There are 2 protein chains.
Amino acid sequence: MMNVSDRKNLVSTAQGEDPADIVFQNADLFNPFTCDWESTDFAVKNGIVLGTGTYQGREVYDLRGAPVIPGLIDAHVHIESSLLHPQEYARLVIGHGTTTVIADPHEIANVCGAEGIRFFLREREDLPIDLFVMLPSCVPATTTEQGGGILTAEDLEPFVGIPGVLGLGEMMNVPGVLSGDAEIWKKLGLSRVIDGHAPLLRGKALNAYILSGIQSDHESVSLDEAAEKLAKGMYIFVREGSTERNLNALIPLISSHTVSRCSFASDDRHVDQLMAAGHIDDCVRKAIASGVPPELAFRMATLSAADRFGLTDRGAIAPGRLADFCILRDRSGCQIEKTFKKGISVTLETIKPVKALRCHFDCFPPDLHQINIPGQGQANVIGITPNQIVTEKLTYQIDSKEIPDLSRDILKVVVVSRYRPGRIGLGLVHGFGLEKGAISGSVSHDAHNFIAVGVNDQDIIEALHAVIRAQGGLVAVTDRERTFLPLACAGLMSVDPYEQVADQLRELFHHTKRMKGILDPFMQLSFLALTVIPHLRVTDRGPFDVDAFRDIPMFE
Amino acid sequence: MMNVSDRKNLVSTAQGEDPADIVFQNADLFNPFTCDWESTDFAVKNGIVLGTGTYQGREVYDLRGAPVIPGLIDAHVHIESSLLHPQEYARLVIGHGTTTVIADPHEIANVCGAEGIRFFLREREDLPIDLFVMLPSCVPATTTEQGGGILTAEDLEPFVGIPGVLGLGEMMNVPGVLSGDAEIWKKLGLSRVIDGHAPLLRGKALNAYILSGIQSDHESVSLDEAAEKLAKGMYIFVREGSTERNLNALIPLISSHTVSRCSFASDDRHVDQLMAAGHIDDCVRKAIASGVPPELAFRMATLSAADRFGLTDRGAIAPGRLADFCILRDRSGCQIEKTFKKGISVTLETIKPVKALRCHFDCFPPDLHQINIPGQGQANVIGITPNQIVTEKLTYQIDSKEIPDLSRDILKVVVVSRYRPGRIGLGLVHGFGLEKGAISGSVSHDAHNFIAVGVNDQDIIEALHAVIRAQGGLVAVTDRERTFLPLACAGLMSVDPYEQVADQLRELFHHTKRMKGILDPFMQLSFLALTVIPHLRVTDRGPFDVDAFRDIPMFE
């Protein structure tokens, strides 16, 4: 936000008493306050819009009647999920018109604690886009999780109110809120701006959740659910991520009466989807394709998101606001021709070296005997669901000597703690479809331990060794072939240019396709240990029953 | 706003685990988030809405399908202009559905300085409605004014952020803003929430004014002007006061796309108008009568106003918000049947004694020789304009011995300083129509000196004596008849019940009607000394030319 002396420096130029830095002439300018278009010039100084109208400028940029919209805003994103370093993430999404993201560094905080938040706050200083942080409210997500970071209210408190921090991030611990858990409620007392996360929450429980001070939600999967939340006063972020896609279901919610309360969020989007489909521009295009008037979709992606977070310095091309905007191919779609940040056209070519955040790793690779499964009988097997993160709790009659059971697609899964040497959990999983080799990764929500799934123990060991030795990455191993995507930054993010990361990811997919695996096995792999989503999971202690909320044996 | 422990105390009740204080059943509830209606019950505890749905309550109130809207909000008001003490003002307007007002104590601050602000902050503690204060930004309004109070940025600073204070009130000193005046800009630095006052400001000057951080305006008189301000990002308060009435002109601005940026404001409404026509309910009725869909008018008067000031605890009947609401006769109008504040039906009968704020008066009544006008020639005469506060600068050939000149309606006006003993200014005015007697008052914007207009000097002296002896009031004097309305509270507000004040005002009007005066001569009287509105005024130094911004002689 500009301070008062920054503003004062612009007042005479805004009155036309001296020339602006640059005047953008002949814009077909979208106005989110009116949801209308205006043919006008506008002037910019120090990256700030002085106003519309006829101005003199030291420089002139003729827009020749092109449609211009304010820069796009992502209301809720975990940048780590892109697999990109924040610098590369920013370089990618700004080409899609994004000029501001509200990021919750939940993943890196689970690995590195407060240092993960500080990493984002350091990186934001030097980004081509504006990154704001919502403080991760649930690290660890549950008391059973044993990741690398624990963030109490006391740990978060020093971050409250500092530049770049907007409030408390998605409060996932719904039971903690509803039961009045002391530590959770201390966190709720930290900020006036609190994002929510309340999948399927309805009725009186939803009333209580909102009453606690939580103001937004991005987890609605049905129209009814989103409509109830909106009617009860929540801001609705229509999420369209890589795996969780709610846009089509929620589109009928958007009208001129509700648009001021609705925004878009990407939550988790991989680099490949960001490159192929886009970012918030993709959400806007999908909304328009589903029948939303373009002007309402533009408003959602700009002013509505800015207003929700009290960012009165953006969201519109108007006096005193940031000169963040995009040139569109035409009014009726959202094809971004060019993005301007603070009045400067952003070129995507400049790649600068980035710094990895090296986190504390404390583990050693397992050997063969440590991943041996003895026994037989009625076994608990995780059943994965295509394009969903919910799993099934399956049971099969199994003799452990028969594992892997390719005829029934039952494979071994191994979790190796990052943080506690020698702690290894084993489980069984159905649905990966692999017929040979093994895959492994250091992205494994929320503790982000090392995890592997494979057809034979030798390959599982080799895959885990590769990831652990590199201190992070995704790998596919078959025979003498190995495809590796390094994630040097906290084992979550690459330090390579995004184009290269996307290439590496594609190579990985080619490899796993040859192994007959499902479409994106690493995404499914990353959720196998997520103990907050039903029904059966695996941790570094072995199988975990989410519904009973306790460890269970592999064989009953 | 509720703090986090207040919220926590309500969470189990919101989940239905124990009974609410009261359940309102069978409401036809207006929802400003959707601009739609819902048939529902809703539950309340500790004055807070727990939520909609079926609840058990210790008490039940059957609404029998009656339409319910959230309590109405006045986005900008000078309570002093009602002539009522804040307690009586609140008792009056709550009957009209008002549960929150955003007040700028500009008048009392001009008389008593910071003590005037403190008076409002004390009184708000004990009101049946919620009163929030915007700090008066322009006391005195100009450097030539010599009232009882001066409020520098340093004087205002201690009030910033304290409970009940929302921000900086209407910034009237447009030239000071645009020229970068140091003291004005210090004030602009005090708060993130700043109301504006920029009549007729357009184009680049408006850009600069908005860029300074000022966010709202309630002074637009034409649709074009308001539309430009809204398109440039200002919140628009559609004002409908006693004399300044802008609603009809601005109605076409209101649409489903703009409604989140528009609210209603009464600015200055006298007790008689508040009783006869109403308050914000009157604005809503007028808007509906002019073709605004009732749902948009209701949204303006509730959620839109709350949002503009960041009052997330009101503006809707939704979880965690105040149970402030009104029962309407029907959906299509705004006839208030009953008002509830914090879930309790407000009875209007209880009148409690109020305390006056006694300000420092330092003056003595003038005697006859002090108001004698000698001389002759081309005289500068103030020409008043019906229903406007702009005056004309007239000139007449006059011999002072001929004053009053009833044939040309030229009367004497006398200003006696409240604050500087013996300082008396004389002037001439055309347009009051009085044929006998004199009127006087202690309401005289913005310094609120004593002021009188009359046909003969004896009556002028008697009228001034009456007001000065009582330390405030409005009076009409003819022959042996005198009608007096005491304003014991800072000479601006009565301490009597509002019904009595309205009766007294009506009696005053009957009296001035018999004197052949214009419809509301006290309103015009109160603006004769207002040196910020063109063209000719009179101060305690004599005639003042607003355009030249200097004192001028009576005879050229």
# chains A, B, ... in the order shown; residues from 1 in each chain; ligands from 1
>>> closest_atom_pairs(of="chain A", to="chain B", cutoff="7 Å", atoms="only C-alpha atoms", output="CSV")
residue,atom,partner,partner_atom,distance
A:Val4,CA,B:Gly189,CA,5.4
A:Arg7,CA,B:Ser212,CA,5.6
A:Lys8,CA,B:Gly180,CA,6.5
A:Val11,CA,B:Ala208,CA,5.1
A:Ala14,CA,B:Ala208,CA,5.0
A:Gln15,CA,B:Lys204,CA,4.9
A:Gly16,CA,B:Lys204,CA,6.9
A:Asn31,CA,B:Ala231,CA,6.8
A:Phe33,CA,B:Ala231,CA,5.8
A:Thr34,CA,B:Thr258,CA,5.6
A:Cys35,CA,B:His257,CA,6.3
A:Leu50,CA,B:Asn207,CA,6.5
A:Gly51,CA,B:Asn207,CA,5.4
A:Leu178,CA,B:Val11,CA,6.5
A:Gly180,CA,B:Lys8,CA,6.5
A:Gly189,CA,B:Val4,CA,5.4
A:Lys204,CA,B:Gln15,CA,4.9
A:Ala205,CA,B:Gln15,CA,5.3
A:Asn207,CA,B:Gly51,CA,5.3
A:Ala208,CA,B:Ala14,CA,5.0
A:Ile210,CA,B:Pro319,CA,6.0
A:Leu211,CA,B:Gly320,CA,4.2
A:Ser212,CA,B:Arg7,CA,5.6
A:Leu230,CA,B:Phe33,CA,6.9
A:Ala231,CA,B:Phe33,CA,5.8
A:Lys232,CA,B:Ala318,CA,5.2
A:Gly233,CA,B:Ala318,CA,6.3
A:Ser256,CA,B:His257,CA,5.7
A:His257,CA,B:Thr34,CA,5.7
A:Thr258,CA,B:Thr34,CA,5.6
A:Ala318,CA,B:Lys232,CA,5.2
A:Pro319,CA,B:Leu211,CA,5.0
A:Gly320,CA,B:Leu211,CA,4.2
>>> residues_around(residues="segment 435-446 of chain A", least_positions_apart="2", cutoff="6 Å", atoms="only C-alpha atoms", output="PyMOL selection string")
chain A and resi 448-455+459-460+463-464+472-478+491-492+515-516+526-527+530
>>> select_by_dssp(residues="segment 318-484 of chain A", states="helix (DSSP H, G or I)", output="JSON, numbers by chain")
{"A": [368, 369, 370, 371, 400, 401, 402, 406, 407, 408, 457, 458, 459, 460, 461, 462, 463, 464, 465, 466, 467, 468, 469]}
>>> write_last_selection(atoms="N, CA, C and O atoms", output="short mmCIF file (atom, residue, chain, number, x, y, z; two decimals), in the first residue's frame")
data_model
loop_
_atom_site.label_atom_id
_atom_site.label_comp_id
_atom_site.auth_asym_id
_atom_site.auth_seq_id
_atom_site.Cartn_x
_atom_site.Cartn_y
_atom_site.Cartn_z
N LEU A 368 16.63 -53.52 2.17
CA LEU A 368 15.57 -54.45 1.76
C LEU A 368 14.78 -55.05 2.91
O LEU A 368 13.55 -55.11 2.88
N HIS A 369 15.52 -55.49 3.97
CA HIS A 369 14.80 -56.21 5.03
C HIS A 369 13.83 -55.30 5.78
O HIS A 369 12.87 -55.74 6.38
N GLN A 370 14.08 -53.97 5.72
CA GLN A 370 13.20 -53.04 6.44
C GLN A 370 11.84 -52.85 5.76
O GLN A 370 10.92 -52.32 6.36
N ILE A 371 11.76 -53.25 4.50
CA ILE A 371 10.47 -53.06 3.83
C ILE A 371 9.79 -54.40 3.53
O ILE A 371 8.86 -54.47 2.73
N SER A 400 1.33 -62.50 2.31
CA SER A 400 2.30 -61.45 1.99
C SER A 400 3.34 -61.90 0.97
O SER A 400 3.95 -61.08 0.29
N LYS A 401 3.52 -63.20 0.87
CA LYS A 401 4.46 -63.70 -0.13
C LYS A 401 3.99 -63.39 -1.55
O LYS A 401 4.77 -63.37 -2.48
N GLU A 402 2.66 -63.16 -1.72
CA GLU A 402 2.12 -62.89 -3.05
C GLU A 402 2.24 -61.43 -3.47
O GLU A 402 1.85 -61.05 -4.56
N LEU A 406 -0.19 -58.50 -8.99
CA LEU A 406 -0.51 -57.71 -10.18
C LEU A 406 -1.90 -58.01 -10.70
O LEU A 406 -2.58 -57.14 -11.26
N SER A 407 -2.37 -59.25 -10.50
CA SER A 407 -3.70 -59.61 -11.02
C SER A 407 -4.77 -58.79 -10.30
O SER A 407 -5.78 -58.42 -10.89
N ARG A 408 -4.55 -58.50 -9.03
CA ARG A 408 -5.54 -57.71 -8.28
C ARG A 408 -5.05 -56.26 -8.07
O ARG A 408 -5.67 -55.49 -7.34
N ASP A 457 10.63 -54.86 -4.56
CA ASP A 457 11.31 -54.20 -3.45
C ASP A 457 12.61 -53.53 -3.88
O ASP A 457 12.98 -52.47 -3.39
N GLN A 458 13.33 -54.18 -4.81
CA GLN A 458 14.59 -53.62 -5.27
C GLN A 458 14.39 -52.24 -5.89
O GLN A 458 15.10 -51.29 -5.59
N ASP A 459 13.39 -52.13 -6.74
CA ASP A 459 13.10 -50.83 -7.38
C ASP A 459 12.60 -49.80 -6.36
O ASP A 459 12.90 -48.61 -6.46
N ILE A 460 11.79 -50.23 -5.41
CA ILE A 460 11.31 -49.32 -4.36
C ILE A 460 12.51 -48.74 -3.61
O ILE A 460 12.61 -47.52 -3.39
N ILE A 461 13.44 -49.62 -3.22
CA ILE A 461 14.63 -49.17 -2.50
C ILE A 461 15.44 -48.20 -3.36
O ILE A 461 15.84 -47.12 -2.91
N GLU A 462 15.60 -48.53 -4.63
CA GLU A 462 16.39 -47.66 -5.50
C GLU A 462 15.71 -46.30 -5.68
O GLU A 462 16.37 -45.26 -5.68
N ALA A 463 14.38 -46.32 -5.83
CA ALA A 463 13.64 -45.06 -6.00
C ALA A 463 13.77 -44.19 -4.75
O ALA A 463 14.05 -42.99 -4.83
N LEU A 464 13.60 -44.80 -3.58
CA LEU A 464 13.72 -44.05 -2.33
C LEU A 464 15.14 -43.50 -2.16
O LEU A 464 15.33 -42.35 -1.75
N HIS A 465 16.13 -44.34 -2.49
CA HIS A 465 17.51 -43.88 -2.38
C HIS A 465 17.74 -42.65 -3.25
O HIS A 465 18.37 -41.69 -2.83
N ALA A 466 17.20 -42.69 -4.47
CA ALA A 466 17.41 -41.57 -5.39
C ALA A 466 16.84 -40.28 -4.82
O ALA A 466 17.49 -39.22 -4.84
N VAL A 467 15.65 -40.35 -4.29
CA VAL A 467 14.99 -39.15 -3.76
C VAL A 467 15.68 -38.67 -2.48
O VAL A 467 15.91 -37.47 -2.30
N ILE A 468 16.03 -39.61 -1.62
CA ILE A 468 16.64 -39.24 -0.34
C ILE A 468 18.05 -38.66 -0.56
O ILE A 468 18.41 -37.65 0.04
N ARG A 469 18.80 -39.31 -1.45
CA ARG A 469 20.15 -38.79 -1.71
C ARG A 469 20.10 -37.37 -2.25
O ARG A 469 20.91 -36.53 -1.90
#
>>> residues_around(residues="segment 139-151 of chain A", least_positions_apart="4", cutoff="8 Å", atoms="only C-alpha atoms", output="list of chain:residue names")
A:His106, A:Ala109, A:Asn110, A:Val111, A:Cys112, A:Gly113, A:Ala114, A:Asp155, A:Leu156, A:Met172, A:Asn173, A:Arg418, A:Tyr419, A:Asp446, A:Ala447, A:His448, A:Asn449, A:Thr531, A:Val532
>>> write_last_selection(atoms="N, CA, C and O atoms", output="PDB file, in the first residue's frame")
ATOM      1  N   HIS A 106       1.456 -23.456   3.317  1.00  0.00           N
ATOM      2  CA  HIS A 106       1.125 -24.568   4.212  1.00  0.00           C
ATOM      3  C   HIS A 106       2.105 -25.736   4.046  1.00  0.00           C
ATOM      4  O   HIS A 106       2.495 -26.374   5.038  1.00  0.00           O
ATOM      5  N   ALA A 109       5.706 -24.913   5.283  1.00  0.00           N
ATOM      6  CA  ALA A 109       5.668 -24.756   6.737  1.00  0.00           C
ATOM      7  C   ALA A 109       5.589 -26.111   7.431  1.00  0.00           C
ATOM      8  O   ALA A 109       6.123 -26.292   8.521  1.00  0.00           O
ATOM      9  N   ASN A 110       4.938 -27.081   6.787  1.00  0.00           N
ATOM     10  CA  ASN A 110       4.906 -28.430   7.353  1.00  0.00           C
ATOM     11  C   ASN A 110       6.277 -29.086   7.355  1.00  0.00           C
ATOM     12  O   ASN A 110       6.555 -29.981   8.142  1.00  0.00           O
ATOM     13  N   VAL A 111       7.111 -28.622   6.434  1.00  0.00           N
ATOM     14  CA  VAL A 111       8.457 -29.180   6.353  1.00  0.00           C
ATOM     15  C   VAL A 111       9.448 -28.382   7.211  1.00  0.00           C
ATOM     16  O   VAL A 111      10.247 -28.955   7.948  1.00  0.00           O
ATOM     17  N   CYS A 112       9.369 -27.049   7.108  1.00  0.00           N
ATOM     18  CA  CYS A 112      10.403 -26.198   7.728  1.00  0.00           C
ATOM     19  C   CYS A 112       9.873 -25.293   8.838  1.00  0.00           C
ATOM     20  O   CYS A 112      10.628 -24.453   9.339  1.00  0.00           O
ATOM     21  N   GLY A 113       8.592 -25.370   9.155  1.00  0.00           N
ATOM     22  CA  GLY A 113       8.058 -24.509  10.207  1.00  0.00           C
ATOM     23  C   GLY A 113       8.092 -23.045   9.803  1.00  0.00           C
ATOM     24  O   GLY A 113       7.922 -22.696   8.633  1.00  0.00           O
ATOM     25  N   ALA A 114       8.350 -22.176  10.788  1.00  0.00           N
ATOM     26  CA  ALA A 114       8.327 -20.731  10.560  1.00  0.00           C
ATOM     27  C   ALA A 114       9.329 -20.299   9.500  1.00  0.00           C
ATOM     28  O   ALA A 114       9.128 -19.301   8.811  1.00  0.00           O
ATOM     29  N   ASP A 155       3.874 -19.169  17.776  1.00  0.00           N
ATOM     30  CA  ASP A 155       4.827 -19.113  16.663  1.00  0.00           C
ATOM     31  C   ASP A 155       4.352 -18.173  15.564  1.00  0.00           C
ATOM     32  O   ASP A 155       5.153 -17.522  14.889  1.00  0.00           O
ATOM     33  N   LEU A 156       3.034 -18.140  15.348  1.00  0.00           N
ATOM     34  CA  LEU A 156       2.485 -17.314  14.259  1.00  0.00           C
ATOM     35  C   LEU A 156       2.414 -15.844  14.627  1.00  0.00           C
ATOM     36  O   LEU A 156       2.505 -14.971  13.762  1.00  0.00           O
ATOM     37  N   MET A 172      -8.401 -25.539   8.545  1.00  0.00           N
ATOM     38  CA  MET A 172      -8.868 -26.869   8.156  1.00  0.00           C
ATOM     39  C   MET A 172      -9.371 -27.672   9.334  1.00  0.00           C
ATOM     40  O   MET A 172     -10.089 -28.649   9.168  1.00  0.00           O
ATOM     41  N   ASN A 173      -8.958 -27.272  10.520  1.00  0.00           N
ATOM     42  CA  ASN A 173      -9.316 -28.062  11.697  1.00  0.00           C
ATOM     43  C   ASN A 173     -10.737 -27.709  12.145  1.00  0.00           C
ATOM     44  O   ASN A 173     -10.949 -27.047  13.163  1.00  0.00           O
ATOM     45  N   ARG A 418      11.165 -38.184   7.026  1.00  0.00           N
ATOM     46  CA  ARG A 418      12.242 -37.235   6.736  1.00  0.00           C
ATOM     47  C   ARG A 418      12.963 -36.816   7.994  1.00  0.00           C
ATOM     48  O   ARG A 418      14.057 -36.284   7.935  1.00  0.00           O
ATOM     49  N   TYR A 419      12.212 -36.908   9.106  1.00  0.00           N
ATOM     50  CA  TYR A 419      12.614 -36.173  10.294  1.00  0.00           C
ATOM     51  C   TYR A 419      13.094 -37.084  11.419  1.00  0.00           C
ATOM     52  O   TYR A 419      13.705 -36.622  12.367  1.00  0.00           O
ATOM     53  N   ASP A 446       0.541 -34.230   4.627  1.00  0.00           N
ATOM     54  CA  ASP A 446       1.040 -32.883   4.844  1.00  0.00           C
ATOM     55  C   ASP A 446       2.454 -32.894   5.452  1.00  0.00           C
ATOM     56  O   ASP A 446       3.107 -31.857   5.474  1.00  0.00           O
ATOM     57  N   ALA A 447       2.917 -34.033   5.933  1.00  0.00           N
ATOM     58  CA  ALA A 447       4.227 -34.065   6.578  1.00  0.00           C
ATOM     59  C   ALA A 447       5.359 -34.060   5.552  1.00  0.00           C
ATOM     60  O   ALA A 447       6.487 -33.694   5.859  1.00  0.00           O
ATOM     61  N   HIS A 448       5.013 -34.457   4.328  1.00  0.00           N
ATOM     62  CA  HIS A 448       6.011 -34.511   3.258  1.00  0.00           C
ATOM     63  C   HIS A 448       7.208 -35.391   3.606  1.00  0.00           C
ATOM     64  O   HIS A 448       8.363 -35.023   3.410  1.00  0.00           O
ATOM     65  N   ASN A 449       6.867 -36.598   4.127  1.00  0.00           N
ATOM     66  CA  ASN A 449       7.867 -37.648   4.242  1.00  0.00           C
ATOM     67  C   ASN A 449       8.171 -38.192   2.851  1.00  0.00           C
ATOM     68  O   ASN A 449       7.533 -37.810   1.861  1.00  0.00           O
ATOM     69  N   THR A 531      -3.650 -37.657   6.235  1.00  0.00           N
ATOM     70  CA  THR A 531      -4.510 -38.252   7.261  1.00  0.00           C
ATOM     71  C   THR A 531      -5.754 -37.430   7.590  1.00  0.00           C
ATOM     72  O   THR A 531      -6.497 -37.797   8.494  1.00  0.00           O
ATOM     73  N   VAL A 532      -5.992 -36.336   6.882  1.00  0.00           N
ATOM     74  CA  VAL A 532      -7.200 -35.553   7.173  1.00  0.00           C
ATOM     75  C   VAL A 532      -8.323 -35.844   6.193  1.00  0.00           C
ATOM     76  O   VAL A 532      -9.425 -35.324   6.339  1.00  0.00           O
TER      77      VAL A 532
END
>>> closest_residue(among="B:Val44, B:Val221, B:Ala226, B:Leu505", to="Phe340 of chain B", atoms="only C-alpha atoms")
B:Val44
>>> residues_around(residues="segment 79-92 of chain B", least_positions_apart="5", cutoff="7 Å", atoms="only C-alpha atoms", output="PyMOL selection string")
chain B and resi 103+107+123+127-129+268-271+348+492-495+497-498
>>> select_by_dssp(residues="segment 180-380 of chain A", states="strand (DSSP E or B)", output="PyMOL selection string")
chain A and resi 194-196+216-217+235-240+245+262-265+267+322+325-328+336-341+344-345+376-380
>>> atom_distance(atom1="atom CA of Gly377 of chain B", atom2="atom CA of Pro553 of chain B")
11.3 Å
>>> atom_distance(atom1="atom CA of Asp126 of chain B", atom2="atom CA of His78 of chain B")
18.5 Å
>>> residues_around(residues="segment 284-290 of chain B", least_positions_apart="5", cutoff="7 Å", atoms="only C-alpha atoms", output="list in words")
Ile251, Ala297, Phe298, Gly333 and Cys334 of chain B
>>> write_last_selection(atoms="all heavy atoms", output="PDB file, in the first residue's frame")
ATOM      1  N   ILE B 251     -30.648   8.443  -8.528  1.00  0.00           N
ATOM      2  CA  ILE B 251     -31.298   7.131  -8.593  1.00  0.00           C
ATOM      3  C   ILE B 251     -30.844   6.268  -9.774  1.00  0.00           C
ATOM      4  O   ILE B 251     -30.587   5.068  -9.612  1.00  0.00           O
ATOM      5  CB  ILE B 251     -32.836   7.301  -8.568  1.00  0.00           C
ATOM      6  CG1 ILE B 251     -33.303   7.495  -7.129  1.00  0.00           C
ATOM      7  CG2 ILE B 251     -33.566   6.123  -9.207  1.00  0.00           C
ATOM      8  CD1 ILE B 251     -32.973   6.376  -6.193  1.00  0.00           C
ATOM      9  N   ALA B 297     -32.437  -1.400  -2.854  1.00  0.00           N
ATOM     10  CA  ALA B 297     -32.503  -0.319  -1.860  1.00  0.00           C
ATOM     11  C   ALA B 297     -32.201  -0.861  -0.466  1.00  0.00           C
ATOM     12  O   ALA B 297     -31.470  -0.228   0.316  1.00  0.00           O
ATOM     13  CB  ALA B 297     -33.872   0.343  -1.907  1.00  0.00           C
ATOM     14  N   PHE B 298     -32.728  -2.049  -0.145  1.00  0.00           N
ATOM     15  CA  PHE B 298     -32.450  -2.649   1.165  1.00  0.00           C
ATOM     16  C   PHE B 298     -30.957  -2.960   1.302  1.00  0.00           C
ATOM     17  O   PHE B 298     -30.352  -2.756   2.353  1.00  0.00           O
ATOM     18  CB  PHE B 298     -33.255  -3.945   1.358  1.00  0.00           C
ATOM     19  CG  PHE B 298     -34.745  -3.756   1.409  1.00  0.00           C
ATOM     20  CD1 PHE B 298     -35.603  -4.707   0.873  1.00  0.00           C
ATOM     21  CD2 PHE B 298     -35.301  -2.626   1.999  1.00  0.00           C
ATOM     22  CE1 PHE B 298     -36.984  -4.543   0.923  1.00  0.00           C
ATOM     23  CE2 PHE B 298     -36.682  -2.450   2.049  1.00  0.00           C
ATOM     24  CZ  PHE B 298     -37.528  -3.413   1.501  1.00  0.00           C
ATOM     25  N   GLY B 333     -42.170  -2.370   0.187  1.00  0.00           N
ATOM     26  CA  GLY B 333     -41.958  -1.010   0.660  1.00  0.00           C
ATOM     27  C   GLY B 333     -41.009  -1.009   1.836  1.00  0.00           C
ATOM     28  O   GLY B 333     -40.299  -1.972   2.075  1.00  0.00           O
ATOM     29  N   CYS B 334     -40.983   0.099   2.570  1.00  0.00           N
ATOM     30  CA  CYS B 334     -40.107   0.141   3.747  1.00  0.00           C
ATOM     31  C   CYS B 334     -40.862   0.775   4.911  1.00  0.00           C
ATOM     32  O   CYS B 334     -40.399   1.746   5.505  1.00  0.00           O
ATOM     33  CB  CYS B 334     -38.809   0.863   3.403  1.00  0.00           C
ATOM     34  SG  CYS B 334     -37.524   0.632   4.660  1.00  0.00           S
TER      35      CYS B 334
END
>>> residues_around(residues="Pro67 of chain A", least_positions_apart="4", cutoff="9 Å", atoms="only C-alpha atoms", output="number ranges by chain")
A: 27-30, 37, 63, 326-331
>>> write_last_selection(atoms="N, CA, C and O atoms", output="short mmCIF file (atom, residue, chain, number, x, y, z; two decimals), in the first residue's frame")
data_model
loop_
_atom_site.label_atom_id
_atom_site.label_comp_id
_atom_site.auth_asym_id
_atom_site.auth_seq_id
_atom_site.Cartn_x
_atom_site.Cartn_y
_atom_site.Cartn_z
N ALA A 27 -7.46 3.04 -24.68
CA ALA A 27 -7.83 1.76 -24.06
C ALA A 27 -9.34 1.55 -24.18
O ALA A 27 -10.12 2.51 -24.14
N ASP A 28 -9.73 0.31 -24.33
CA ASP A 28 -11.13 -0.08 -24.13
C ASP A 28 -11.15 -0.70 -22.73
O ASP A 28 -10.94 -1.89 -22.56
N LEU A 29 -11.36 0.15 -21.75
CA LEU A 29 -11.04 -0.19 -20.36
C LEU A 29 -12.22 -0.80 -19.62
O LEU A 29 -13.30 -0.20 -19.55
N PHE A 30 -12.00 -1.97 -19.04
CA PHE A 30 -13.03 -2.59 -18.21
C PHE A 30 -13.04 -1.96 -16.82
O PHE A 30 -11.99 -1.84 -16.18
N TRP A 37 -17.54 -0.95 -19.86
CA TRP A 37 -16.33 -0.62 -20.61
C TRP A 37 -16.32 0.85 -20.95
O TRP A 37 -17.36 1.46 -21.16
N LEU A 63 -2.76 1.90 -27.22
CA LEU A 63 -3.41 0.59 -27.10
C LEU A 63 -4.33 0.29 -28.28
O LEU A 63 -4.85 -0.82 -28.40
N CYS A 326 -3.93 -6.14 -17.94
CA CYS A 326 -3.68 -7.06 -19.06
C CYS A 326 -4.38 -6.52 -20.30
O CYS A 326 -5.48 -5.98 -20.22
N ILE A 327 -3.72 -6.72 -21.42
CA ILE A 327 -4.37 -6.48 -22.70
C ILE A 327 -4.97 -7.80 -23.17
O ILE A 327 -4.30 -8.84 -23.17
N LEU A 328 -6.24 -7.75 -23.55
CA LEU A 328 -6.93 -8.95 -24.03
C LEU A 328 -7.01 -8.95 -25.55
O LEU A 328 -6.98 -7.90 -26.18
N ARG A 329 -7.15 -10.15 -26.11
CA ARG A 329 -7.35 -10.24 -27.56
C ARG A 329 -8.70 -9.62 -27.93
O ARG A 329 -8.82 -8.86 -28.85
N ASP A 330 -9.73 -9.97 -27.14
CA ASP A 330 -11.04 -9.36 -27.37
C ASP A 330 -11.81 -9.34 -26.06
O ASP A 330 -11.42 -9.98 -25.09
N ARG A 331 -12.93 -8.59 -26.06
CA ARG A 331 -13.72 -8.40 -24.84
C ARG A 331 -14.41 -9.65 -24.35
O ARG A 331 -14.75 -9.76 -23.18
#
>>> closest_residue(among="B:Gly65, B:Pro105, B:Gly315, B:Gly97", to="His279 of chain B", atoms="only C-alpha atoms")
B:Gly97
>>> residues_around(residues="segment 160-162 of chain A", least_positions_apart="2", cutoff="10 Å", atoms="only C-alpha atoms", output="VMD selection string")
chain A and resid 121 134 to 135 156 to 158 164 to 168 190 to 191
>>> atom_distance(atom1="atom CA of Pro136 of chain B", atom2="atom CA of Ile280 of chain B")
22.2 Å
>>> closest_residue(among="B:Ile94, B:Met554, B:Leu201, B:Arg358", to="Glu337 of chain B", atoms="only C-alpha atoms")
B:Ile94
>>> closest_residue(among="A:Leu485, A:Leu72, A:Val133, A:Leu528", to="Asp503 of chain A", atoms="only C-alpha atoms")
A:Leu485
